[in-house]
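Student: Pasting a structure below so you can have a look.
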Amino acid sequence: QVQLVESGGGLVQAGGSLRLSCAASGRTFSDYAMGWFRQAPGKERESVAAINWSGSSTYYAYSAKGRFTISRDNAKNTVYLQMNSLKPEDTAIYYCAATGRYGGIWSNKVDGMDYWGQGTQVTVSL
């Protein structure tokens with residue numbers, strides 16, 4: 001089992017920044033690729049960004065490109081999502097997820113993830 005705990009969400013004005021963190025425990029963190037997903041009210045959960053086991057390969061959804069940066073620190077068992085130039089449409093619950101089924105390669109599919117955190121709310125106001 002892998003336990004994931006997100007932190008860093010909150011209320012921010014449009015144009016502002018937030019840094020989300022996700023602390024992992026339970027198994028060897030570097031065995032897992034990690035991803036950030038989000039779910040807005042009434043919408044399906046969607047991928048925002050993903051990173052492979054070493055941090056050498058990343059994926060960004062179109063909506064996140066150029067504004068968000070995913071990174072990981074395997075020594076700290078933590079993955080981060082730096083979010084800049086936030087927009088009201090970024091408002092959602094943000095979830096951290098881990099997958100170990102692809103040999104450390106990232107997945108951007110909800111059903112490709114093995115473990116999920118409880119989520120952290122991000123609200124962007126005008």
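Letters A, B, ... go to the chains of the structure tokens in the order shown; residues in each chain start at 1; ligands are counted from 1 in the same order.
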Using DSSP secondary structure from the backbone, list all strand (DSSP E or B) positions within chain A, as a PyMOL selection string.

Tutor: chain A and resi 3-7+10-13+18-25+33-39+46-51+58-60+68-73+78-83+92-99+115-116+120-125

Student: Need the shell around range 122-125 of chain A: protein/DNA/RNA residues with any atom at most 7 Å away, counting only C-alpha atoms. Skip same-chain ones fewer than 2 positions apart. Format as a list in words?

Tutor: Gly9, Gly10, Leu11, Val12, Gln13, Ala14, Leu86, Lys87, Pro88, Asp90, Thr91, Ala92, Ile93, Tyr94 and Thr120 of chain A

Student: With only C-alpha atoms as the basis for distance, which of A:Gly66, A:Gly55, A:Gly26, A:Gly8 is at the shortest distance from Tyr95 in chain A?

Tutor: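 Smallest distance to Tyr95 in chain A is found for A:Gly8.
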
Student: My list of candidates is A:Val110, A:Asp73, A:Gly100, A:Phe68. Which is closest to Glu44 in chain A when distances are computed with only C-alpha atoms?

Tutor: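 Looking only at the distances to Glu44 in chain A, the closest residue turns out to be A:Val110.
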
Student: Between A:Ala33, A:Ala61, A:Leu81, A:Ile51, which has the minimum distance to Gly104 in chain A (counting only C-alpha atoms)?

Tutor: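 Closest candidate: A:Ala33.
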
Student: Tell me, in Å to one decimal, how far CA of Ala97 in chain A is from CA of Tyr115 in chain A.

Tutor: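 Value for the CA of Ala97 in chain A-CA of Tyr115 in chain A distance: 5.4 Å.
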
Student: Counting only C-alpha atoms, figure out which residue out of A:Leu126, A:Cys96, A:Ser54, A:Glu89 gets nearest to Pro41 in chain A.

Tutor: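 Among the listed residues, A:Glu89 lies closest to Pro41 in chain A.
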
Student: Fewer than 6 positions away in the same chain doesn't count, so skip those; otherwise give me all residues within 10 Å of Tyr32 in chain A, counting only C-alpha atoms, as a CSV table (one decimal) with C-alpha atoms, in the first residue's frame.

Tutor:
chain,number,residue,atom,x,y,z
A,2,VAL,CA,1.0,3.6,-0.7
A,51,ILE,CA,6.1,12.5,-13.9
A,52,ASN,CA,8.1,9.3,-14.2
A,53,TRP,CA,10.0,7.6,-11.4
A,54,SER,CA,13.2,9.6,-11.8
A,97,ALA,CA,-1.9,9.7,-7.5
A,98,ALA,CA,0.7,6.9,-7.9
A,99,THR,CA,1.1,4.1,-10.4
A,100,GLY,CA,3.4,1.2,-10.2
A,101,ARG,CA,2.1,-0.9,-13.1
A,102,TYR,CA,4.1,0.6,-15.9
A,103,GLY,CA,7.6,0.2,-14.7
A,104,GLY,CA,7.9,3.7,-13.4
A,105,ILE,CA,6.6,5.3,-16.6
A,106,TRP,CA,3.9,8.0,-16.1
A,113,MET,CA,-3.4,4.9,-11.2
A,114,ASP,CA,-3.1,2.6,-8.3

Student: Need to verify the contact set: Glu6 in chain A, 8 Å, only C-alpha atoms, exclusion of same-chain residues closer than 3 positions in sequence. Can you return it as a PyMOL selection string?

Tutor: chain A and resi 20-23+95-96+117-120

Student: Output the selection as a PDB file, in the first residue's frame - all heavy atoms for each residue.

Tutor:
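Below you can see again-v3.pdb, which holds the result:
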ATOM      1  N   LEU A  20       1.529  22.852  -4.600  1.00  0.00           N
ATOM      2  CA  LEU A  20       0.976  21.675  -3.957  1.00  0.00           C
ATOM      3  C   LEU A  20       2.090  20.678  -3.688  1.00  0.00           C
ATOM      4  O   LEU A  20       3.010  20.536  -4.488  1.00  0.00           O
ATOM      5  CB  LEU A  20      -0.088  21.032  -4.837  1.00  0.00           C
ATOM      6  CG  LEU A  20      -1.239  21.926  -5.303  1.00  0.00           C
ATOM      7  CD1 LEU A  20      -2.240  21.097  -6.099  1.00  0.00           C
ATOM      8  CD2 LEU A  20      -1.908  22.621  -4.142  1.00  0.00           C
ATOM      9  N   SER A  21       1.952  19.991  -2.564  1.00  0.00           N
ATOM     10  CA  SER A  21       2.891  18.922  -2.217  1.00  0.00           C
ATOM     11  C   SER A  21       2.100  17.656  -1.963  1.00  0.00           C
ATOM     12  O   SER A  21       0.945  17.696  -1.542  1.00  0.00           O
ATOM     13  CB  SER A  21       3.681  19.284  -0.957  1.00  0.00           C
ATOM     14  OG  SER A  21       4.446  20.447  -1.150  1.00  0.00           O
ATOM     15  N   CYS A  22       2.744  16.540  -2.219  1.00  0.00           N
ATOM     16  CA  CYS A  22       2.138  15.241  -1.946  1.00  0.00           C
ATOM     17  C   CYS A  22       3.205  14.355  -1.332  1.00  0.00           C
ATOM     18  O   CYS A  22       4.193  14.012  -1.990  1.00  0.00           O
ATOM     19  CB  CYS A  22       1.602  14.627  -3.228  1.00  0.00           C
ATOM     20  SG  CYS A  22       1.028  12.918  -3.057  1.00  0.00           S
ATOM     21  N   ALA A  23       3.008  14.020  -0.070  1.00  0.00           N
ATOM     22  CA  ALA A  23       3.951  13.169   0.649  1.00  0.00           C
ATOM     23  C   ALA A  23       3.491  11.728   0.581  1.00  0.00           C
ATOM     24  O   ALA A  23       2.335  11.419   0.876  1.00  0.00           O
ATOM     25  CB  ALA A  23       4.059  13.632   2.095  1.00  0.00           C
ATOM     26  N   TYR A  95      -5.867  16.125  -6.804  1.00  0.00           N
ATOM     27  CA  TYR A  95      -5.505  14.832  -6.243  1.00  0.00           C
ATOM     28  C   TYR A  95      -4.114  14.414  -6.730  1.00  0.00           C
ATOM     29  O   TYR A  95      -3.787  14.559  -7.913  1.00  0.00           O
ATOM     30  CB  TYR A  95      -6.499  13.762  -6.688  1.00  0.00           C
ATOM     31  CG  TYR A  95      -7.903  13.973  -6.198  1.00  0.00           C
ATOM     32  CD1 TYR A  95      -8.823  14.690  -6.958  1.00  0.00           C
ATOM     33  CD2 TYR A  95      -8.334  13.448  -4.977  1.00  0.00           C
ATOM     34  CE1 TYR A  95     -10.121  14.876  -6.523  1.00  0.00           C
ATOM     35  CE2 TYR A  95      -9.627  13.640  -4.536  1.00  0.00           C
ATOM     36  CZ  TYR A  95     -10.511  14.350  -5.318  1.00  0.00           C
ATOM     37  OH  TYR A  95     -11.792  14.543  -4.872  1.00  0.00           O
ATOM     38  N   CYS A  96      -3.386  13.843  -5.822  1.00  0.00           N
ATOM     39  CA  CYS A  96      -2.124  13.201  -6.133  1.00  0.00           C
ATOM     40  C   CYS A  96      -2.392  11.703  -6.318  1.00  0.00           C
ATOM     41  O   CYS A  96      -3.232  11.135  -5.610  1.00  0.00           O
ATOM     42  CB  CYS A  96      -1.172  13.443  -4.962  1.00  0.00           C
ATOM     43  SG  CYS A  96       0.351  12.531  -4.990  1.00  0.00           S
ATOM     44  N   GLY A 117      -4.537  10.137  -3.198  1.00  0.00           N
ATOM     45  CA  GLY A 117      -4.649  10.913  -1.979  1.00  0.00           C
ATOM     46  C   GLY A 117      -6.083  11.367  -1.783  1.00  0.00           C
ATOM     47  O   GLY A 117      -6.963  11.090  -2.602  1.00  0.00           O
ATOM     48  N   GLN A 118      -6.281  12.097  -0.695  1.00  0.00           N
ATOM     49  CA  GLN A 118      -7.635  12.521  -0.341  1.00  0.00           C
ATOM     50  C   GLN A 118      -8.042  13.816  -1.042  1.00  0.00           C
ATOM     51  O   GLN A 118      -9.218  14.183  -1.047  1.00  0.00           O
ATOM     52  CB  GLN A 118      -7.745  12.702   1.172  1.00  0.00           C
ATOM     53  CG  GLN A 118      -7.236  14.034   1.714  1.00  0.00           C
ATOM     54  CD  GLN A 118      -5.726  14.186   1.674  1.00  0.00           C
ATOM     55  OE1 GLN A 118      -5.001  13.220   1.438  1.00  0.00           O
ATOM     56  NE2 GLN A 118      -5.241  15.397   1.915  1.00  0.00           N
ATOM     57  N   GLY A 119      -7.077  14.503  -1.621  1.00  0.00           N
ATOM     58  CA  GLY A 119      -7.369  15.725  -2.362  1.00  0.00           C
ATOM     59  C   GLY A 119      -7.180  16.976  -1.548  1.00  0.00           C
ATOM     60  O   GLY A 119      -7.292  16.964  -0.311  1.00  0.00           O
ATOM     61  N   THR A 120      -6.892  18.065  -2.243  1.00  0.00           N
ATOM     62  CA  THR A 120      -6.769  19.372  -1.608  1.00  0.00           C
ATOM     63  C   THR A 120      -7.475  20.396  -2.494  1.00  0.00           C
ATOM     64  O   THR A 120      -7.324  20.382  -3.718  1.00  0.00           O
ATOM     65  CB  THR A 120      -5.292  19.756  -1.385  1.00  0.00           C
ATOM     66  OG1 THR A 120      -5.220  20.972  -0.636  1.00  0.00           O
ATOM     67  CG2 THR A 120      -4.515  19.901  -2.682  1.00  0.00           C
TER      68      THR A 120
END

Student: If you measure from CA of Gln1 in chain A to CA of Trp36 in chain A, what distance in Å do you get, rounded to one decimal?

Tutor: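 Spanning CA of Gln1 in chain A to CA of Trp36 in chain A is a straight-line distance of 18.5 Å.
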
Student: From a DSSP calculation on the backbone, collect every residue of range 2-124 of chain A in helix (DSSP H, G or I) and output the set as a PyMOL selection string.

Tutor: chain A and resi 29-31+88-90+110-112

Student: Could you save the residues just selected, with N, CA, C and O atoms, as a short mmCIF file (atom, residue, chain, number, x, y, z; two decimals), in the first residue's frame?

Tutor:
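To be explicit, this is the file written out as result11.cif:
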data_model
loop_
_atom_site.label_atom_id
_atom_site.label_comp_id
_atom_site.auth_asym_id
_atom_site.auth_seq_id
_atom_site.Cartn_x
_atom_site.Cartn_y
_atom_site.Cartn_z
N PHE A 29 9.21 4.94 -2.86
CA PHE A 29 8.62 6.00 -3.66
C PHE A 29 9.12 5.97 -5.10
O PHE A 29 8.36 6.18 -6.05
N SER A 30 10.39 5.68 -5.30
CA SER A 30 10.96 5.73 -6.64
C SER A 30 10.53 4.56 -7.52
O SER A 30 10.86 4.50 -8.70
N ASP A 31 9.74 3.65 -6.98
CA ASP A 31 9.17 2.57 -7.79
C ASP A 31 7.92 3.04 -8.54
O ASP A 31 7.40 2.31 -9.39
N PRO A 88 -9.48 31.30 -12.75
CA PRO A 88 -10.67 30.77 -12.06
C PRO A 88 -11.04 29.36 -12.53
O PRO A 88 -11.53 28.56 -11.73
N GLU A 89 -10.77 29.05 -13.78
CA GLU A 89 -11.10 27.71 -14.29
C GLU A 89 -10.17 26.63 -13.75
O GLU A 89 -10.40 25.44 -13.99
N ASP A 90 -9.15 27.01 -13.01
CA ASP A 90 -8.29 26.04 -12.33
C ASP A 90 -8.90 25.59 -10.99
O ASP A 90 -8.37 24.69 -10.34
N VAL A 110 -6.94 8.20 -15.44
CA VAL A 110 -7.48 7.98 -14.10
C VAL A 110 -7.44 6.51 -13.74
O VAL A 110 -7.02 6.13 -12.63
N ASP A 111 -7.81 5.66 -14.68
CA ASP A 111 -7.84 4.22 -14.38
C ASP A 111 -6.47 3.58 -14.51
O ASP A 111 -6.36 2.35 -14.36
N GLY A 112 -5.45 4.37 -14.78
CA GLY A 112 -4.08 3.85 -14.81
C GLY A 112 -3.35 4.02 -13.50
O GLY A 112 -2.20 3.62 -13.38
#

Student: One number please: CA of Asn74 in chain A to CA of Ser25 in chain A, in Å, one decimal.

Tutor: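 It comes out at 11.3 Å.
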
Student: Smallest atom-to-atom distance to Glu46 in chain A: which of A:Thr69, A:Met83, A:Tyr62, A:Ala75, using only C-alpha atoms?

Tutor: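 Checking each candidate against Glu46 in chain A, we get A:Tyr62 as the closest.
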